[in-house]
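*Asks:* Let me give you the structure first, and then I'll get to my questions.
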Amino acid sequence: MANEKVLVLDFGGQYNQLIARRVRDLSVYAEIKPYSTSLEEIRSQGYKGIIFTGGPNSVYDESSPHYTSEILSLGVPVLGICYGSQLISYMLGGEVSACEKSEYGKINVRLVKESKLFKDVPKKSVVWMSHTDYISKAPDGFSVTAESDDCPCAAMENEQKKIYAVQFHPEVTHSEYGIKMLQNFLYEVCGCSGDWVMDDFIDRTVSKLKEKIGGKRVVLGLSGGVDSSVAAALLSRAVGNQLTCVFVDQGLMRKDEGDFVEKTFTSLFDMRFVRVNCGDEFLVKLKGVTDPEQKRKIIGTEFYNVFWNKIREEADGGFFAQGTIYPDRIESGKGDAATIKTHHNQVKMPDDIKFEGVIEPLGDLFKDEVRKVGEKLGIPHELVWRQPFPGPGLGVRILGEITKEKIKILQEADAVFRDEIKKSGEEGRLSQFFAVLPDVRTVGVMGDHRTYDHLIAIRAVTTDDFMTADWARIPYDVLARVSNRLTNEVEHVNRVVYDITSKPPGTVEWE
Ligand code: XMP
C-alpha cells in the first residue's frame, strides 16, 4: 500500500467506488469504509483526507446515516459530496431544506468566491447534480463558494478548518471540471504527494510477498481469468518456482483456450503449472442432463471436487493464494454495514485442507488497476483485456444435453465469430460477444441436397455493469460475413440468427 491514503466514508451513495477510483487515478490511494466505522479507527489510520460520499437519504430521516461531528475536528481535511455536503451542514448547525424543484442532470454553476478547491476551474462550468434536499443556510464560519439557479449553496467551505462541501458530483464525467476539483482537494488542500503508482505497487507487493512466503510454497487456483492470472504473475515474480498454479480444464473453455493459458504461463513465468484435464469425466456426469440449473450445479460441484482434490495434493503446508480484488472485499455503507459481499473469487476451502495462511495479492486493487499491473508484468494483452467468461463455460451456451460433438461445433463457431469481430474493428465497442448452440435443428439446402442441421445464435452486448445490457448494433455487413463463414466453415451449422434481446428481459447468457 502507499504511504499516504484518503478515506472515502460511505453513506450509501451509488458512486462511491467511482470516487475511490478517481482518487486513485490521481495517484492517491483511497479506501472505502462504511459510515459505521469508529472514529478511533479513522483517527488511527492517519488519513490525509476524508471524503463523505453521497447517499439516497435526507439528513432529517430517522434512519439516515449520520456520523459524530468530532470527525470534523480531527484536523484532517474533509470534502462532502451531495448527501455528504448536507450532512456537514447539518452537523455544524447549518440548515438543510427540501428543494422546491429537484435538480437532476447537467447544471450550470457559477463560482462566487476564490477557493483552493476551484483552482484553475472557470467561473462558469457544468456539473452533475442529483438531489432533492439542499443547503439553505451554510453553518457559521462557512462561506458559499458556488451557486446555481436553483441552489444558492452549490459549494461551501471553511478554509481554516479545511472543510469543503459540494452539492454536485465531481466524480462523474458529466462534471466538466470535476476531476480537477478532486485533484485540488487532494493536492492543494490535503497536501498529498501522489505516491500511488502501479510500478511502486508491484515492487512493494513483490517484496512483501517474498518476506511473507520465505522459503515456503504457494498454491494458486488459476482460472485463466484476469484476476487469477495477474495474481499468478505477481507471485511468480516474487517466489518463482515456489509457486504452483492449479488450472482445471473442464473441457468447456473456448477453442484452444486451455492450451493458450498453459503456454502463456509456462513460457512467460517461472512457476510449477499443474493442468488437470477432466472434460471426459464432466461429460459422464452431464450425460442426459438438460435442465439448466441442474447442469450449472453439476458443473460447479464437479469443478470444486476436482479443484480441491488437486489443491489438497499440492498443499504441503505453505500458503493458498487467490485473485480476490478490492470490490470483492468492500463493506457497504448501505443497510447492514457489517456484511461483506461474497463473491466467486473468495471460495470456501474444505476444512481438512490446511494452509499456513491465505494470500490475496490484489486485495487492494480495482479491476482497472489489476489490468494495469497485468500489462506491466507482461501478461499478453488478450488475457489482460479478456471479456467476462462464465464459470460454467460453454456449458451455459449449449442448450439441452452437453455432448462432445456439440462442444466442438460451438467452439468452432465461437472462434469464427470472434475472429470476424476482431477483424471488423468492432471489438472495442462490445462488452461481451459469443456464439450459442440452441438445441435446435432446421431444414436447409446445400448444393442439391436437403440438410437438417444445427442453428447457431450469436450474441453481442454493450453494458457498463452487466446488470442491464443492450444488444449491440453490429453492422449488417459484419453479420453477413459471420453468417457466411459459419455456414461454410463450421460443420453441422446450416442457419445463423442474431440475438436482439436486451437485458432485461433477457439475460446475457442463454442459460
Ligand atoms: P447474465 O447471463 O446473468 O450474465 O446476464 C451477466 C454476466 O455474468 C456472466 N455470468 C457468469 N459469470 N459465473 C461467472 O463467473 C457464472 O455462473 C456466470 N453466469 C453468467 C455472464 O457471462 C455475463 O458477463
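Chain labels follow the order of the C-alpha cells: the first chain is A, the next B, and so on; residue numbering restarts at 1 in every chain, and ligands are counted from 1 in their shown order.
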Quick one: everything within 8 Å of stretch 434-444 of chain A, counting only C-alpha atoms, minus sequence neighbours fewer than 6 positions away in the same chain. Send it as a PyMOL selection string.
*Replies:* chain A and resi 397-400+406+410+413-414+417-418+450-460+494-495+510
*Asks:* So which bits of stretch 137-205 of chain A end up alpha helix (DSSP H) when you DSSP the backbone, as number ranges by chain?
*Replies:* A: 178-184, 198-205
*Asks:* With only C-alpha atoms as the counted atoms, please give the residues lying no more than 9 Å from stretch 161-170 of chain A, apart from itself and same-chain residues fewer than 3 positions off, as a ChimeraX atom specification.
*Replies:* /A:15,19,52,54,72-73,75-86,88-89,107,117,127-131,134-135,142,146,151,153-158,173-182,185,189-190
*Asks:* For those residues, write C-alpha atoms to a file as a PDB file, in the first residue's frame.
*Replies:*
```
ATOM      1  CA  TYR A  15     -20.895   6.471  -6.977  1.00  0.00           C
ATOM      2  CA  ILE A  19     -14.955   8.310  -6.118  1.00  0.00           C
ATOM      3  CA  PHE A  52     -18.058  11.953   2.677  1.00  0.00           C
ATOM      4  CA  GLY A  54     -23.465  10.916  -1.418  1.00  0.00           C
ATOM      5  CA  LEU A  72     -14.768  17.406  11.600  1.00  0.00           C
ATOM      6  CA  SER A  73     -12.357  18.379  14.391  1.00  0.00           C
ATOM      7  CA  GLY A  75      -7.692  18.394  11.735  1.00  0.00           C
ATOM      8  CA  VAL A  76      -7.960  16.096   8.689  1.00  0.00           C
ATOM      9  CA  PRO A  77      -9.364  17.865   5.590  1.00  0.00           C
ATOM     10  CA  VAL A  78     -12.903  16.798   4.693  1.00  0.00           C
ATOM     11  CA  LEU A  79     -14.788  17.007   1.392  1.00  0.00           C
ATOM     12  CA  GLY A  80     -18.523  16.339   1.489  1.00  0.00           C
ATOM     13  CA  ILE A  81     -20.238  15.330  -1.743  1.00  0.00           C
ATOM     14  CA  CYS A  82     -24.038  15.672  -2.225  1.00  0.00           C
ATOM     15  CA  TYR A  83     -25.596  13.999   0.847  1.00  0.00           C
ATOM     16  CA  GLY A  84     -22.144  14.302   2.434  1.00  0.00           C
ATOM     17  CA  SER A  85     -22.264  18.073   1.975  1.00  0.00           C
ATOM     18  CA  GLN A  86     -25.724  18.323   3.516  1.00  0.00           C
ATOM     19  CA  ILE A  88     -21.673  18.598   7.096  1.00  0.00           C
ATOM     20  CA  SER A  89     -24.123  21.487   7.135  1.00  0.00           C
ATOM     21  CA  ILE A 107     -26.479  22.031 -14.272  1.00  0.00           C
ATOM     22  CA  LEU A 117     -10.920  23.641  -4.397  1.00  0.00           C
ATOM     23  CA  VAL A 127     -21.641  19.894 -13.077  1.00  0.00           C
ATOM     24  CA  TRP A 128     -23.742  16.801 -12.422  1.00  0.00           C
ATOM     25  CA  MET A 129     -26.449  17.244  -9.778  1.00  0.00           C
ATOM     26  CA  SER A 130     -28.885  14.754  -8.337  1.00  0.00           C
ATOM     27  CA  HIS A 131     -30.615  15.993  -5.196  1.00  0.00           C
ATOM     28  CA  TYR A 134     -30.206  21.422  -0.434  1.00  0.00           C
ATOM     29  CA  ILE A 135     -28.199  23.540   1.974  1.00  0.00           C
ATOM     30  CA  PHE A 142     -18.579  28.819   6.267  1.00  0.00           C
ATOM     31  CA  ALA A 146     -20.547  28.359  -5.807  1.00  0.00           C
ATOM     32  CA  CYS A 151     -29.186  26.041  -5.484  1.00  0.00           C
ATOM     33  CA  CYS A 153     -25.211  26.942  -1.953  1.00  0.00           C
ATOM     34  CA  ALA A 154     -23.781  24.608  -4.602  1.00  0.00           C
ATOM     35  CA  ALA A 155     -20.468  24.654  -2.705  1.00  0.00           C
ATOM     36  CA  MET A 156     -19.292  25.961   0.649  1.00  0.00           C
ATOM     37  CA  GLU A 157     -16.158  25.843   2.752  1.00  0.00           C
ATOM     38  CA  ASN A 158     -14.413  26.701   5.959  1.00  0.00           C
ATOM     39  CA  THR A 173     -17.577  12.627 -16.007  1.00  0.00           C
ATOM     40  CA  HIS A 174     -20.525  14.938 -16.756  1.00  0.00           C
ATOM     41  CA  SER A 175     -18.983  17.374 -14.257  1.00  0.00           C
ATOM     42  CA  GLU A 176     -16.670  19.188 -16.675  1.00  0.00           C
ATOM     43  CA  TYR A 177     -14.016  20.138 -14.124  1.00  0.00           C
ATOM     44  CA  GLY A 178     -14.874  17.502 -11.509  1.00  0.00           C
ATOM     45  CA  ILE A 179     -11.557  15.688 -11.737  1.00  0.00           C
ATOM     46  CA  LYS A 180      -9.718  19.000 -11.418  1.00  0.00           C
ATOM     47  CA  MET A 181     -11.694  19.729  -8.241  1.00  0.00           C
ATOM     48  CA  LEU A 182     -10.837  16.332  -6.759  1.00  0.00           C
ATOM     49  CA  PHE A 185      -8.753  18.721  -2.856  1.00  0.00           C
ATOM     50  CA  VAL A 189      -5.994  21.078   0.441  1.00  0.00           C
ATOM     51  CA  CYS A 190      -4.755  17.712   1.770  1.00  0.00           C
TER      52      CYS A 190
END
```
*Asks:* 10 Å from ligand 1 is the threshold here; counting only C-alpha atoms and all ligand atoms, which polymer residues fall inside it? Answer as a ChimeraX atom specification.
*Replies:* /A:225,296-297,299-300,343-345,387-397,431-434,461,463,465-469,502-511
*Asks:* For A:Gly357, which residue out of A:Lys216, A:Lys408, A:Lys423, A:Arg473 is the nearest one, using only C-alpha atoms?
*Replies:*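 That would be A:Lys216, the residue with the smallest distance to A:Gly357.
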*Asks:* Select, from A:Phe366, A:Tyr104, A:Phe265, A:Tyr90, the residue with the minimum atom-to-atom distance to A:Ile325, counting only C-alpha atoms.
*Replies:*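 Of all the options, A:Phe366 lies closest to A:Ile325.
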*Asks:* Just the residues within 12 Å of A:Gly279, please, counting only C-alpha atoms, with nothing from its chain fewer than 2 positions along; format it as a list in words.
*Replies:*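 Listing them by chain and then by number gives Val248, Asp249, Gln250, Gly251, Leu252, Met253, Gly258, Arg275, Val276, Asn277, Glu281, Phe282, Leu283, Val284, Lys285, Leu286, Ile299, Glu302, Phe303, Val306, Gly393, Leu394, Gly395, Ile402, Thr403, Lys404 and Ile407 of chain A.
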*Asks:* Store the residues of this selection in a file with N, CA and C atoms, as a short mmCIF file (atom, residue, chain, number, x, y, z; two decimals), in the first residue's frame.
*Replies:*
```cif
data_model
loop_
_atom_site.label_atom_id
_atom_site.label_comp_id
_atom_site.auth_asym_id
_atom_site.auth_seq_id
_atom_site.Cartn_x
_atom_site.Cartn_y
_atom_site.Cartn_z
N VAL A 248 -7.69 -26.04 -13.75
CA VAL A 248 -8.62 -27.14 -14.05
C VAL A 248 -9.29 -26.85 -15.40
N ASP A 249 -9.06 -27.71 -16.37
CA ASP A 249 -9.71 -27.56 -17.68
C ASP A 249 -10.85 -28.57 -17.75
N GLN A 250 -12.07 -28.05 -17.61
CA GLN A 250 -13.22 -28.96 -17.57
C GLN A 250 -13.77 -29.23 -18.97
N GLY A 251 -13.00 -28.85 -20.00
CA GLY A 251 -13.42 -29.15 -21.36
C GLY A 251 -14.48 -28.21 -21.90
N LEU A 252 -14.82 -27.17 -21.12
CA LEU A 252 -15.89 -26.26 -21.56
C LEU A 252 -15.35 -24.85 -21.81
N MET A 253 -14.04 -24.78 -22.10
CA MET A 253 -13.45 -23.48 -22.41
C MET A 253 -13.62 -23.21 -23.91
N GLY A 258 -7.53 -23.49 -23.22
CA GLY A 258 -6.74 -24.18 -22.20
C GLY A 258 -5.27 -24.21 -22.59
N ARG A 275 -1.87 -28.78 -14.79
CA ARG A 275 -3.15 -28.71 -15.52
C ARG A 275 -3.91 -30.02 -15.30
N VAL A 276 -5.15 -29.89 -14.93
CA VAL A 276 -5.97 -31.08 -14.76
C VAL A 276 -7.01 -31.09 -15.87
N ASN A 277 -6.92 -32.05 -16.76
CA ASN A 277 -7.91 -32.16 -17.84
C ASN A 277 -8.99 -33.15 -17.40
N GLU A 281 -14.62 -36.78 -17.75
CA GLU A 281 -15.35 -37.09 -16.51
C GLU A 281 -16.58 -36.18 -16.37
N PHE A 282 -16.41 -34.92 -16.76
CA PHE A 282 -17.54 -34.00 -16.67
C PHE A 282 -18.68 -34.46 -17.57
N LEU A 283 -18.32 -34.91 -18.78
CA LEU A 283 -19.36 -35.31 -19.73
C LEU A 283 -20.13 -36.52 -19.22
N VAL A 284 -19.44 -37.41 -18.50
CA VAL A 284 -20.13 -38.57 -17.94
C VAL A 284 -21.18 -38.08 -16.93
N LYS A 285 -20.77 -37.15 -16.08
CA LYS A 285 -21.70 -36.62 -15.06
C LYS A 285 -22.86 -35.87 -15.71
N LEU A 286 -22.60 -35.26 -16.87
CA LEU A 286 -23.62 -34.42 -17.50
C LEU A 286 -24.52 -35.19 -18.48
N ILE A 299 -21.82 -28.86 -12.95
CA ILE A 299 -20.53 -28.32 -13.39
C ILE A 299 -19.80 -27.67 -12.20
N GLU A 302 -18.70 -30.43 -9.55
CA GLU A 302 -17.59 -31.24 -10.07
C GLU A 302 -16.30 -30.43 -10.13
N PHE A 303 -16.44 -29.18 -10.54
CA PHE A 303 -15.25 -28.33 -10.64
C PHE A 303 -14.55 -28.26 -9.28
N VAL A 306 -12.83 -31.54 -8.17
CA VAL A 306 -11.54 -31.75 -8.84
C VAL A 306 -10.51 -30.76 -8.30
N GLY A 393 -18.58 -21.98 -18.15
CA GLY A 393 -18.05 -22.00 -19.51
C GLY A 393 -19.12 -22.21 -20.57
N LEU A 394 -18.74 -22.94 -21.61
CA LEU A 394 -19.68 -23.16 -22.71
C LEU A 394 -20.89 -23.97 -22.27
N GLY A 395 -20.81 -24.52 -21.07
CA GLY A 395 -21.95 -25.29 -20.53
C GLY A 395 -23.24 -24.49 -20.50
N ILE A 402 -25.34 -31.67 -22.94
CA ILE A 402 -24.00 -31.28 -23.42
C ILE A 402 -23.27 -32.54 -23.91
N THR A 403 -22.83 -32.52 -25.16
CA THR A 403 -22.07 -33.67 -25.70
C THR A 403 -20.77 -33.16 -26.30
N LYS A 404 -19.86 -34.10 -26.51
CA LYS A 404 -18.56 -33.75 -27.09
C LYS A 404 -18.73 -33.07 -28.46
N ILE A 407 -19.96 -29.52 -28.13
CA ILE A 407 -18.89 -28.62 -27.65
C ILE A 407 -18.00 -28.24 -28.84
#
```
*Asks:* Give me the residues within 8 Å of stretch 236-243 of chain A as a PyMOL selection string, counting only C-alpha atoms and dropping any in the same chain fewer than 6 places off.
*Replies:* chain A and resi 206-207+209-210+213+215-220+269-272
*Asks:* Those same residues, written as an mmCIF file, in the first residue's frame with C-alpha atoms?
*Replies:*
```cif
data_model
loop_
_atom_site.group_PDB
_atom_site.id
_atom_site.type_symbol
_atom_site.label_atom_id
_atom_site.label_comp_id
_atom_site.auth_asym_id
_atom_site.auth_seq_id
_atom_site.Cartn_x
_atom_site.Cartn_y
_atom_site.Cartn_z
ATOM 1 C CA VAL A 206 6.720 -8.360 -4.518
ATOM 2 C CA SER A 207 8.985 -7.572 -1.576
ATOM 3 C CA LEU A 209 5.244 -11.405 -0.690
ATOM 4 C CA LYS A 210 8.874 -12.522 -0.548
ATOM 5 C CA ILE A 213 6.319 -16.530 1.970
ATOM 6 C CA GLY A 215 11.059 -20.476 1.580
ATOM 7 C CA LYS A 216 7.541 -21.947 1.694
ATOM 8 C CA ARG A 217 5.339 -22.981 -1.200
ATOM 9 C CA VAL A 218 2.254 -21.178 -2.537
ATOM 10 C CA VAL A 219 -0.640 -22.787 -4.378
ATOM 11 C CA LEU A 220 -2.931 -20.681 -6.563
ATOM 12 C CA PHE A 269 6.642 -17.028 -15.991
ATOM 13 C CA ASP A 270 8.576 -19.180 -13.531
ATOM 14 C CA MET A 271 6.180 -21.474 -11.719
ATOM 15 C CA ARG A 272 5.043 -25.051 -11.434
#
```
*Asks:* For stretch 191-205 of chain A, find every residue with an atom within 7 Å (counting only C-alpha atoms), except residues of its own chain fewer than 4 positions away, and show them as a list in words.
*Replies:* Met1, Ala2, Arg24, Ser27, Val28, Tyr29, Lys48, Leu186, Tyr187, Leu209 and Val373 of chain A
*Asks:* I need the residues in stretch 9-244 of chain A that are strand (DSSP E) according to DSSP; give them as an MDAnalysis selection string.
*Replies:* chainID A and resid 9:10 29:34 49:52 78:81 95:111 124:137 143:147 155:158 163:166 218:221 243:244
*Asks:* Set the distance at 9 Å and use only C-alpha atoms: which residues neighbour A:Phe11 once local chain neighbours fewer than 5 positions away are removed? I'd like the list as JSON, numbers by chain.
*Replies:* {"A": [16, 34, 35, 52, 53, 54, 55, 56, 57, 64, 65, 66, 83, 84, 332, 333, 334]}
*Asks:* Have a look at atom CA of A:Pro122 and atom CA of A:Ser148 and let me know their distance in Å, one decimal.
*Replies:*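 Value for the atom CA of A:Pro122-atom CA of A:Ser148 distance: 14.3 Å.
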*Asks:* So which one's closest to A:Thr324, A:Gln14, A:Ser228, A:Asn488, A:Thr462? Using only C-alpha atoms, please.
*Replies:*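 Closest candidate: A:Ser228.
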*Asks:* In Å, with one decimal, what is the gap from atom CA of A:Asp227 to atom CA of A:Leu383?
*Replies:*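 Here the two named atoms are 10.0 Å from each other.
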*Asks:* Would you mind reading off the distance between atom CA of A:Gly93 and atom CA of A:Glu62, one decimal, in Å?
*Replies:*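 Separation between atom CA of A:Gly93 and atom CA of A:Glu62: 17.4 Å.
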